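Note: the block below is structure.txt and it holds compact mmCIF, C-alpha atoms.
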# COMPACT_ATOMS: atom_id res chain seq x y z
CA MET U 6 103.40 116.76 120.32
CA ARG U 7 106.70 115.05 121.17
CA ALA U 8 104.96 112.83 123.75
CA THR U 9 102.29 111.83 121.23
CA TYR U 10 104.94 111.03 118.62
CA LEU U 11 106.90 108.96 121.15
CA SER U 12 103.77 107.01 122.11
CA LEU U 13 103.09 106.26 118.45
CA LEU U 14 106.64 104.99 117.95
CA LEU U 15 106.37 102.75 121.01
CA ALA U 16 103.06 101.33 119.79
CA LEU U 17 104.53 100.62 116.36
CA ALA U 18 107.58 99.00 117.93
CA ALA U 19 105.34 96.76 120.06
CA CYS U 20 103.45 95.64 116.96
CA ALA U 21 106.67 95.04 115.04
CA SER U 22 108.15 92.94 117.85
CA THR U 23 105.26 90.47 117.99
CA GLU U 24 106.77 87.01 117.76
CA PRO U 25 105.55 84.79 114.90
CA TYR U 26 103.88 81.53 115.88
CA ASP U 27 106.36 78.74 116.60
CA TYR U 28 105.47 75.83 114.31
CA SER U 29 108.47 73.68 115.22
CA ALA U 30 106.39 71.13 117.16
CA LEU U 31 103.84 70.84 114.35
CA LEU U 32 106.57 70.40 111.74
CA ALA U 33 108.30 67.77 113.89
CA HIS U 34 105.08 65.76 114.37
CA MET U 35 103.12 66.65 111.21
CA PRO U 36 99.96 64.50 111.28
CA ARG U 37 98.19 63.05 108.29
CA SER U 38 95.08 62.09 110.26
CA VAL U 39 93.27 64.12 112.93
CA LEU U 40 90.64 62.87 115.34
CA VAL U 41 88.33 65.66 116.51
CA LEU U 42 86.76 65.09 119.91
CA PRO U 43 83.32 66.58 120.65
CA PRO U 44 84.06 69.99 122.18
CA LEU U 45 83.73 70.90 125.82
CA ASP U 46 80.95 73.46 126.32
CA ASP U 47 81.72 76.47 128.52
CA THR U 48 78.48 78.19 127.50
CA VAL U 49 74.89 77.87 128.70
CA GLU U 50 73.73 76.70 125.26
CA VAL U 51 73.09 72.95 125.18
CA GLU U 52 73.52 72.77 121.40
CA ALA U 53 76.98 74.34 121.38
CA THR U 54 79.00 71.09 121.42
CA TYR U 55 77.41 69.34 118.47
CA GLY U 56 76.45 72.53 116.68
CA TYR U 57 80.11 73.49 116.48
CA LEU U 58 81.30 69.93 115.84
CA SER U 59 79.21 69.87 112.66
CA THR U 60 81.29 72.73 111.20
CA VAL U 61 84.83 71.58 111.89
CA THR U 62 85.47 68.74 109.40
CA ARG U 63 85.49 70.78 106.20
CA PRO U 64 88.10 73.43 107.11
CA LEU U 65 90.47 70.80 108.47
CA ALA U 66 90.06 68.61 105.38
CA GLU U 67 90.58 71.60 103.10
CA ARG U 68 93.76 72.36 105.05
CA GLY U 69 95.12 68.96 104.02
CA TYR U 70 94.34 66.55 106.85
CA TYR U 71 92.30 63.36 106.96
CA VAL U 72 89.55 63.93 109.53
CA PHE U 73 87.91 60.92 111.13
CA PRO U 74 84.12 61.15 110.65
CA VAL U 75 83.01 63.04 113.74
CA ALA U 76 79.71 61.19 114.17
CA VAL U 77 81.48 57.82 113.99
CA VAL U 78 84.08 58.99 116.53
CA ASP U 79 81.35 60.12 118.93
CA ARG U 80 79.46 56.83 118.58
CA LEU U 81 82.52 54.62 119.04
CA LEU U 82 83.71 56.52 122.09
CA ARG U 83 80.27 56.24 123.66
CA ASP U 84 80.22 52.53 122.90
CA ASN U 85 83.56 52.29 124.72
CA GLY U 86 82.15 53.86 127.88
CA LEU U 87 83.03 57.52 127.28
CA THR U 88 79.55 58.97 127.42
CA ASP U 89 80.18 62.74 127.36
CA PRO U 90 82.78 65.20 126.00
CA ALA U 91 84.48 65.62 129.39
CA ALA U 92 85.12 61.87 129.63
CA MET U 93 86.31 61.80 126.02
CA HIS U 94 88.79 64.62 126.66
CA ALA U 95 90.12 62.77 129.72
CA ALA U 96 90.69 59.51 127.83
CA PRO U 97 94.33 58.32 127.67
CA LEU U 98 95.96 58.86 124.29
CA GLU U 99 96.92 55.19 124.23
CA ARG U 100 93.24 54.27 124.29
CA ILE U 101 92.45 56.64 121.44
CA ARG U 102 95.38 55.24 119.46
CA ASP U 103 94.19 51.67 120.04
CA ILE U 104 90.64 52.47 118.91
CA PHE U 105 91.34 54.75 115.94
CA GLY U 106 95.05 54.80 115.09
CA ALA U 107 94.95 58.59 114.69
CA ASP U 108 98.13 60.67 114.36
CA ALA U 109 96.76 63.64 116.31
CA VAL U 110 93.80 64.57 118.48
CA LEU U 111 92.12 67.98 118.35
CA TYR U 112 90.71 69.12 121.70
CA LEU U 113 88.18 71.94 121.42
CA THR U 114 86.35 74.16 123.91
CA VAL U 115 83.42 76.34 122.87
CA GLN U 116 83.64 79.49 125.00
CA ASP U 117 80.87 81.55 123.35
CA TRP U 118 77.89 80.33 121.33
CA GLY U 119 74.55 81.90 120.51
CA THR U 120 72.77 85.23 120.18
CA SER U 121 72.45 87.95 122.80
CA TYR U 122 69.80 90.68 122.51
CA GLN U 123 69.87 94.33 123.46
CA VAL U 124 67.36 97.10 122.81
CA LEU U 125 68.79 98.23 119.49
CA SER U 126 70.81 95.28 118.36
CA SER U 127 71.53 91.60 118.63
CA ALA U 128 74.82 89.80 118.18
CA THR U 129 75.68 86.17 117.52
CA GLU U 130 79.14 85.26 118.78
CA VAL U 131 81.21 82.09 118.57
CA THR U 132 84.55 81.70 120.35
CA VAL U 133 86.55 78.47 120.17
CA GLU U 134 89.80 77.36 121.79
CA ALA U 135 91.74 74.53 120.12
CA HIS U 136 94.67 72.33 121.11
CA MET U 137 96.14 69.69 118.79
CA VAL U 138 98.17 66.90 120.42
CA ASP U 139 100.44 64.29 118.86
CA VAL U 140 99.06 60.89 119.88
CA ALA U 141 102.38 59.04 119.94
CA THR U 142 104.22 61.46 122.24
CA GLY U 143 101.52 63.56 123.96
CA THR U 144 103.19 66.73 122.64
CA GLU U 145 100.98 69.74 121.97
CA ILE U 146 101.79 70.60 118.37
CA TRP U 147 99.42 73.51 117.73
CA SER U 148 96.91 75.69 119.57
CA GLY U 149 94.73 78.68 118.84
CA THR U 150 91.73 80.70 119.96
CA ASP U 151 89.46 82.81 117.75
CA SER U 152 86.07 84.49 117.68
CA ALA U 153 83.56 85.62 115.09
CA VAL U 154 80.60 87.95 115.65
CA GLN U 155 77.58 88.75 113.51
CA SER U 156 75.65 91.85 114.59
CA SER U 157 72.22 93.00 113.44
CA SER U 158 73.37 96.64 113.63
CA ALA U 159 76.52 96.21 111.53
CA GLY U 160 76.84 99.08 109.06
CA SER U 161 73.75 100.89 110.35
CA SER U 162 73.66 104.20 112.21
CA ASP U 163 69.95 104.83 111.69
CA LEU U 164 67.83 104.28 114.83
CA VAL U 165 64.84 102.87 112.96
CA GLY U 166 67.07 100.66 110.84
CA MET U 167 68.76 99.31 113.95
CA LEU U 168 65.42 98.52 115.57
CA VAL U 169 64.16 96.79 112.43
CA GLY U 170 67.42 94.87 112.09
CA ALA U 171 67.25 93.66 115.68
CA LEU U 172 63.61 92.59 115.27
CA VAL U 173 64.26 90.77 112.00
CA ASN U 174 67.28 89.04 113.47
CA GLN U 175 65.33 87.92 116.55
CA VAL U 176 62.58 86.44 114.38
CA ALA U 177 65.12 84.73 112.10
CA THR U 178 67.01 83.33 115.08
CA SER U 179 63.81 81.85 116.51
CA ILE U 180 63.42 79.92 113.24
CA SER U 181 67.04 79.01 112.52
CA ASP U 182 70.08 79.37 114.78
CA PRO U 183 72.73 81.48 112.96
CA SER U 184 75.50 80.25 115.25
CA THR U 185 76.68 77.53 112.87
CA GLY U 186 77.19 80.11 110.13
CA VAL U 187 79.17 82.30 112.51
CA ALA U 188 81.14 79.21 113.57
CA ARG U 189 82.27 78.71 109.97
CA ALA U 190 83.61 82.27 109.94
CA CYS U 191 85.35 81.56 113.25
CA ASN U 192 86.92 78.44 111.71
CA GLN U 193 88.34 80.51 108.87
CA GLU U 194 90.10 82.70 111.42
CA LEU U 195 91.14 79.80 113.64
CA PHE U 196 92.52 77.36 111.09
CA CYS U 197 93.37 79.35 107.98
CA ASP U 198 94.56 82.83 108.94
CA GLU U 199 97.80 83.98 110.58
CA ASP U 200 98.86 81.57 113.34
CA GLY U 201 96.43 78.99 111.95
CA LEU U 202 97.29 75.44 110.97
CA LEU U 203 99.97 74.92 108.37
CA VAL U 204 98.73 73.00 105.35
CA GLY U 205 98.86 69.26 105.92
CA PRO U 206 100.32 66.35 103.94
CA LEU U 207 97.14 65.83 101.90
CA SER U 208 97.11 69.39 100.55
CA PRO U 209 98.46 70.00 97.03
CA ASP U 210 100.34 72.98 98.56
CA TYR U 211 102.14 70.85 101.14
CA GLY U 212 105.92 71.29 101.05
CA LYS U 213 105.86 74.23 98.63
CA ASP U 214 107.02 76.82 101.17
Show the structure stored in the file as structure tokens.
Amino acid sequence: MRATYLSLLLALAACASTEPYDYSALLAHMPRSVLVLPPLDDTVEVEATYGYLSTVTRPLAERGYYVFPVAVVDRLLRDNGLTDPAAMHAAPLERIRDIFGADAVLYLTVQDWGTSYQVLSSATEVTVEAHMVDVATGTEIWSGTDSAVQSSSAGSSDLVGMLVGALVNQVATSISDPSTGVARACNQELFCDEDGLLVGPLSPDYGKD
């Protein structure tokens, strides 16, 4: 009993000692405008880069940042010889500043995207890693990684129900990819929850804390 109690105390102490996110770099280089580069794709799904990119503008704008139109950014970078996300991510910040005049660049990597199937269930998972960099100094001012999962068997312990859920989800996925919806849930975790982005200068809540 004593050993169990001691283990519980140690676990609680470990949780209590978790350091809060250090926002000093973000506060020192708070951007008004953010340029989002098309994400790198570490998955086997060819639609991951632009599927995720289509979901990222709204949460950033709602957080209080001006977001350069992602389609325009992609087109202009391609017109300037950067023909794929890897080349765009490798571009010097000076070049990005000269083309767009952005305060910060958001570098993204999609680590999971799409639906996997098992006998009794299917799961759609999106995992994204983000790094925001101040254009003027090259300083990383914020970073985060988050995931979201949608499972066909969620809340079901009935064998028949699980089979039906997996079948329905497979049919639905063949018609419409649910990954973008899961990506929006991932964005909520990534940008808005604990350790997410602080509200930006364009938010009515900016400076209230």
Report as CSV: every residue of stretch 7-100 of chain U with an atom at most 10 Å from stretch 186-199 of chain U, its closest pair of atoms, and their distance in Å to one decimal, counting all atoms listed in the file, with rows sorted by chain and ascending residue number.
residue,atom,partner,partner_atom,distance
U:Pro25,CA,U:Glu199,CA,8.9
U:Tyr26,CA,U:Glu199,CA,8.4
U:Gly56,CA,U:Ala188,CA,8.7
U:Tyr57,CA,U:Ala188,CA,6.5
U:Leu58,CA,U:Ala188,CA,9.6
U:Ser59,CA,U:Ala188,CA,9.6
U:Thr60,CA,U:Arg189,CA,6.2
U:Val61,CA,U:Asn192,CA,7.2
U:Arg63,CA,U:Arg189,CA,9.4
U:Pro64,CA,U:Asn192,CA,6.9
U:Leu65,CA,U:Phe196,CA,7.4
U:Glu67,CA,U:Cys197,CA,9.6
U:Arg68,CA,U:Cys197,CA,7.6
Using all atoms listed in the file, list the residues that have an atom at most 10 Å from (85.1, 59.5, 116.6), coordinates as in the file, as a count of residues only. 20
What does the distance between atom CA of U:Ala53 and atom CA of U:Gly119 come to in Å, to one decimal place? 8.0 Å
Take atom CA of U:His34 and atom CA of U:Asp139 and report the distance between them in Å, one decimal.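 So the two atoms, atom CA of U:His34 and atom CA of U:Asp139, lie 6.6 Å apart.
Going from atom CA of U:Val51 over to atom CA of U:Ala109, you cover 26.9 Å.
Comparing U:Glu99, U:Asp117, U:Glu145, U:Asp84 by their smallest distance to U:Thr185, the closest is U:Asp117 (using only C-alpha atoms).
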